[in-house]
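Colleague: My questions will all concern the structure given below.
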Amino acid sequence: MVKVGYIEIRVHGSKGKLELSPENYDIREIISILENAENLLYHGDKQGRPTISYRIEEGSVRHIFKTSIQYIIGFNAVIGQINQVQNIDFLELSTAKAFESIQNIAVKSNYAFSIKTSLENTNEVRIDSTTRYYRTEAFWADAELYFYGKVTNAGGKDKANI
(Lines give C-alpha, C1' and ligand atoms only; values in the text may rest on other atoms or scores of the structure.)
Protein backbone atom coordinates (compact mmCIF):
# COMPACT_ATOMS: atom_id res chain seq x y z
CA MET A 1 0.00 0.00 0.00
CA VAL A 2 1.43 3.33 -1.07
CA LYS A 3 1.04 6.19 1.39
CA VAL A 4 0.01 9.41 -0.28
CA GLY A 5 0.29 13.07 0.51
CA TYR A 6 -0.29 16.19 -1.49
CA ILE A 7 1.08 19.55 -2.41
CA GLU A 8 -1.24 22.50 -2.55
CA ILE A 9 -0.71 25.46 -4.83
CA ARG A 10 -3.16 28.17 -3.81
CA VAL A 11 -3.66 31.13 -6.12
CA HIS A 12 -4.95 34.43 -4.72
CA GLY A 13 -5.92 37.35 -6.90
CA SER A 14 -8.71 38.78 -9.00
CA LYS A 15 -9.94 38.93 -12.57
CA GLY A 16 -11.06 42.50 -13.05
CA LYS A 17 -13.44 43.15 -10.16
CA LEU A 18 -14.17 39.47 -9.50
CA GLU A 19 -12.32 37.55 -6.81
CA LEU A 20 -10.44 34.58 -8.29
CA SER A 21 -12.32 31.25 -8.14
CA PRO A 22 -12.35 27.99 -10.14
CA GLU A 23 -15.29 29.35 -12.16
CA ASN A 24 -13.33 32.29 -13.60
CA TYR A 25 -9.90 30.64 -13.70
CA ASP A 26 -8.90 30.09 -17.33
CA ILE A 27 -8.04 26.64 -18.66
CA ARG A 28 -4.66 27.89 -19.96
CA GLU A 29 -3.74 28.87 -16.42
CA ILE A 30 -4.73 25.40 -15.22
CA ILE A 31 -2.60 23.78 -17.94
CA SER A 32 0.37 25.92 -16.95
CA ILE A 33 0.07 24.89 -13.29
CA LEU A 34 -0.29 21.22 -14.27
CA GLU A 35 2.91 21.34 -16.34
CA ASN A 36 4.80 23.11 -13.58
CA ALA A 37 3.59 20.78 -10.82
CA GLU A 38 5.16 17.74 -12.47
CA ASN A 39 8.49 19.55 -12.74
CA LEU A 40 8.28 20.69 -9.12
CA LEU A 41 7.87 17.14 -7.85
CA TYR A 42 9.97 15.14 -10.33
CA HIS A 43 13.04 16.77 -11.76
CA GLY A 44 14.64 13.72 -13.34
CA ASP A 45 13.35 10.90 -15.50
CA LYS A 46 9.56 11.09 -15.42
CA GLN A 47 8.87 7.65 -16.90
CA GLY A 48 9.21 5.76 -13.63
CA ARG A 49 7.45 8.29 -11.45
CA PRO A 50 4.35 7.42 -9.40
CA THR A 51 0.90 8.63 -10.39
CA ILE A 52 -0.05 12.24 -9.67
CA SER A 53 -3.77 12.88 -9.24
CA TYR A 54 -5.29 16.35 -9.39
CA ARG A 55 -8.29 18.27 -8.19
CA ILE A 56 -9.20 21.95 -8.07
CA GLU A 57 -11.06 23.44 -5.11
CA GLU A 58 -12.55 26.70 -3.86
CA GLY A 59 -10.64 29.03 -1.57
CA SER A 60 -9.48 31.40 -4.25
CA VAL A 61 -8.13 28.61 -6.46
CA ARG A 62 -6.60 25.60 -4.74
CA HIS A 63 -4.69 23.11 -6.90
CA ILE A 64 -4.24 19.80 -5.04
CA PHE A 65 -1.70 17.28 -6.40
CA LYS A 66 -1.69 13.87 -4.67
CA THR A 67 1.25 11.51 -5.02
CA SER A 68 3.58 9.29 -3.02
CA ILE A 69 4.44 10.66 0.43
CA GLN A 70 8.16 10.12 -0.24
CA TYR A 71 8.13 12.80 -2.92
CA ILE A 72 6.02 15.10 -0.76
CA ILE A 73 8.58 14.87 2.06
CA GLY A 74 11.38 15.72 -0.40
CA PHE A 75 9.44 18.64 -1.83
CA ASN A 76 8.74 19.95 1.69
CA ALA A 77 12.49 20.06 2.27
CA VAL A 78 12.98 21.92 -1.03
CA ILE A 79 10.46 24.64 -0.20
CA GLY A 80 11.95 24.95 3.29
CA GLN A 81 15.37 25.57 1.76
CA ILE A 82 13.91 28.10 -0.69
CA ASN A 83 12.36 30.00 2.23
CA GLN A 84 15.65 29.96 4.09
CA VAL A 85 17.96 31.13 1.28
CA GLN A 86 15.38 33.10 -0.77
CA ASN A 87 16.70 31.90 -4.15
CA ILE A 88 16.42 28.89 -6.45
CA ASP A 89 20.01 28.55 -7.68
CA PHE A 90 20.51 25.21 -5.88
CA LEU A 91 17.59 23.48 -7.66
CA GLU A 92 17.72 21.09 -10.60
CA LEU A 93 17.09 22.87 -13.91
CA SER A 94 13.51 21.67 -14.50
CA THR A 95 12.45 22.48 -10.92
CA ALA A 96 14.04 25.93 -11.10
CA LYS A 97 12.28 26.59 -14.41
CA ALA A 98 8.95 25.61 -12.83
CA PHE A 99 9.48 28.13 -10.01
CA GLU A 100 10.48 30.79 -12.57
CA SER A 101 7.36 30.06 -14.59
CA ILE A 102 5.14 30.46 -11.51
CA GLN A 103 7.01 33.69 -10.69
CA ASN A 104 6.32 34.97 -14.23
CA ILE A 105 2.61 34.17 -13.88
CA ALA A 106 2.54 36.01 -10.55
CA VAL A 107 4.11 39.12 -12.08
CA LYS A 108 2.06 39.06 -15.30
CA SER A 109 -1.35 38.39 -13.71
CA ASN A 110 -0.74 40.01 -10.30
CA TYR A 111 -1.47 36.72 -8.52
CA ALA A 112 -0.07 35.50 -5.23
CA PHE A 113 0.86 31.82 -5.01
CA SER A 114 1.17 29.86 -1.80
CA ILE A 115 2.85 26.45 -2.11
CA LYS A 116 2.79 23.97 0.78
CA THR A 117 2.43 20.25 1.49
CA SER A 118 0.09 18.03 3.49
CA LEU A 119 2.70 17.34 6.17
CA GLU A 120 1.96 18.47 9.74
CA ASN A 121 4.68 21.10 10.13
CA THR A 122 4.84 21.96 6.46
CA ASN A 123 7.05 24.60 5.01
CA GLU A 124 5.39 27.18 2.80
CA VAL A 125 6.73 29.39 0.05
CA ARG A 126 4.89 32.47 -1.20
CA ILE A 127 5.40 33.80 -4.68
CA ASP A 128 3.92 37.13 -5.75
CA SER A 129 4.83 40.15 -7.85
CA THR A 130 7.29 41.39 -5.20
CA THR A 131 9.33 38.17 -4.90
CA ARG A 132 12.20 37.40 -7.28
CA TYR A 133 12.60 33.65 -7.71
CA TYR A 134 14.84 33.61 -10.76
CA ARG A 135 18.10 31.79 -11.35
CA THR A 136 21.20 33.93 -11.47
CA GLU A 137 22.83 33.75 -14.86
CA ALA A 138 26.05 31.85 -15.22
CA PHE A 139 28.77 34.12 -16.49
CA TRP A 140 30.94 32.79 -19.28
CA ALA A 141 34.33 34.05 -20.33
CA ASP A 142 35.70 33.78 -23.86
CA ALA A 143 38.93 31.86 -24.02
CA GLU A 144 41.29 30.64 -26.68
CA LEU A 145 43.25 27.44 -26.24
CA TYR A 146 46.37 26.51 -28.15
CA PHE A 147 47.69 22.97 -28.28
CA TYR A 148 51.26 22.23 -29.28
CA GLY A 149 52.71 18.91 -30.37
CA LYS A 150 52.66 16.65 -33.35
CA VAL A 151 49.87 14.49 -34.72
CA THR A 152 50.84 10.84 -34.59
CA ASN A 153 47.56 9.26 -35.66
CA ALA A 154 44.63 10.99 -37.38
CA GLY A 155 42.38 7.93 -37.23
CA GLY A 156 40.63 6.07 -39.95
CA LYS A 157 37.56 6.29 -42.10
CA ASP A 158 35.03 5.30 -39.41
CA LYS A 159 36.72 6.24 -36.14
CA ALA A 160 38.46 9.58 -36.40
CA ASN A 161 40.75 10.45 -33.49
CA ILE A 162 43.60 12.79 -32.96
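Residues in the C-alpha coordinates are numbered from 1 in each chain, the chains being A, B, ... in the order shown, and ligands are numbered from 1 in the order shown.
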Tell me which protein, DNA and RNA residues are within 10 Å of Tyr42 of chain A, counting only C-alpha atoms, leaving out same-chain ones fewer than 6 positions away, and put them as a ChimeraX atom specification.
Modeller: /A:48-50,71,75,92,94-95
Colleague: Give one line per residue of segment 62-135 of chain A that approaches segment 30-40 of chain A to at most 9 Å, naming the two atoms of the closest pair and their distance in Å to one decimal, counting only C-alpha atoms; sort by chain then ascending residue number and deliver it as a Markdown table.
Modeller:
| residue | atom | partner | partner_atom | distance |
| --- | --- | --- | --- | --- |
| A:His63 | CA | A:Ile33 | CA | 8.2 |
| A:Phe65 | CA | A:Ala37 | CA | 7.7 |
| A:Phe75 | CA | A:Leu40 | CA | 7.7 |
| A:Ser94 | CA | A:Asn39 | CA | 5.7 |
| A:Thr95 | CA | A:Leu40 | CA | 4.9 |
| A:Ala96 | CA | A:Leu40 | CA | 8.0 |
| A:Lys97 | CA | A:Asn39 | CA | 8.2 |
| A:Ala98 | CA | A:Asn36 | CA | 4.9 |
| A:Phe99 | CA | A:Leu40 | CA | 7.6 |
| A:Ser101 | CA | A:Asn36 | CA | 7.5 |
| A:Ile102 | CA | A:Asn36 | CA | 7.6 |
Colleague: From chain A, collect each residue whose DSSP state is helix (DSSP H, G or I) and return the set as a ChimeraX atom specification.
Modeller: /A:27-41,69-85,93-109
Colleague: Give me, as a Markdown table, the closest atom pair and its distance (Å, one decimal) for every residue of segment 35-144 of chain A within a cut-off of 7 Å of segment 16-27 of chain A, counting only C-alpha atoms, rows sorted by chain and rising number.
Modeller:
| residue | atom | partner | partner_atom | distance |
| --- | --- | --- | --- | --- |
| A:Glu57 | CA | A:Pro22 | CA | 6.9 |
| A:Glu58 | CA | A:Ser21 | CA | 6.3 |
| A:Ser60 | CA | A:Ser21 | CA | 4.8 |
| A:Val61 | CA | A:Ser21 | CA | 5.2 |
Colleague: Provide the atom CA of Asn123 of chain A to atom CA of Gly80 of chain A distance in Å, to one decimal place.
Modeller: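 Spanning atom CA of Asn123 of chain A to atom CA of Gly80 of chain A is a straight-line distance of 5.2 Å.
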Colleague: Can you pull out the residues contacting Val4 of chain A? Cut-off 8 Å, using only C-alpha atoms, and skip same-chain residues under 6 positions away; I want them as number ranges by chain.
Modeller: A: 66-69
Colleague: Write out as an NGL selection string each polymer residue whose atoms come within 10 Å of Lys108 of chain A, counting only C-alpha atoms; drop sequence neighbours fewer than 5 positions from it.
Modeller: :A and (102-103 or 128-129)
Colleague: To test your reading of the structure, identify every residue in segment 7-136 of chain A that backbone DSSP assigns to strand (DSSP E or B), and report it as a PyMOL selection string.
Modeller: chain A and resi 7-12+14-15+18-19+53-57+61-68+112-117+124-127
Colleague: Determine the nearest neighbour of Ala112 of chain A from the options A:Val151, A:Val125, A:Val2, A:Ala77, counting only C-alpha atoms.
Modeller: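 Smallest distance to Ala112 of chain A is found for A:Val125.
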Colleague: Mind pulling up the distance from atom CA of His43 of chain A to atom CA of Leu119 of chain A?
Modeller: 20.7 Å
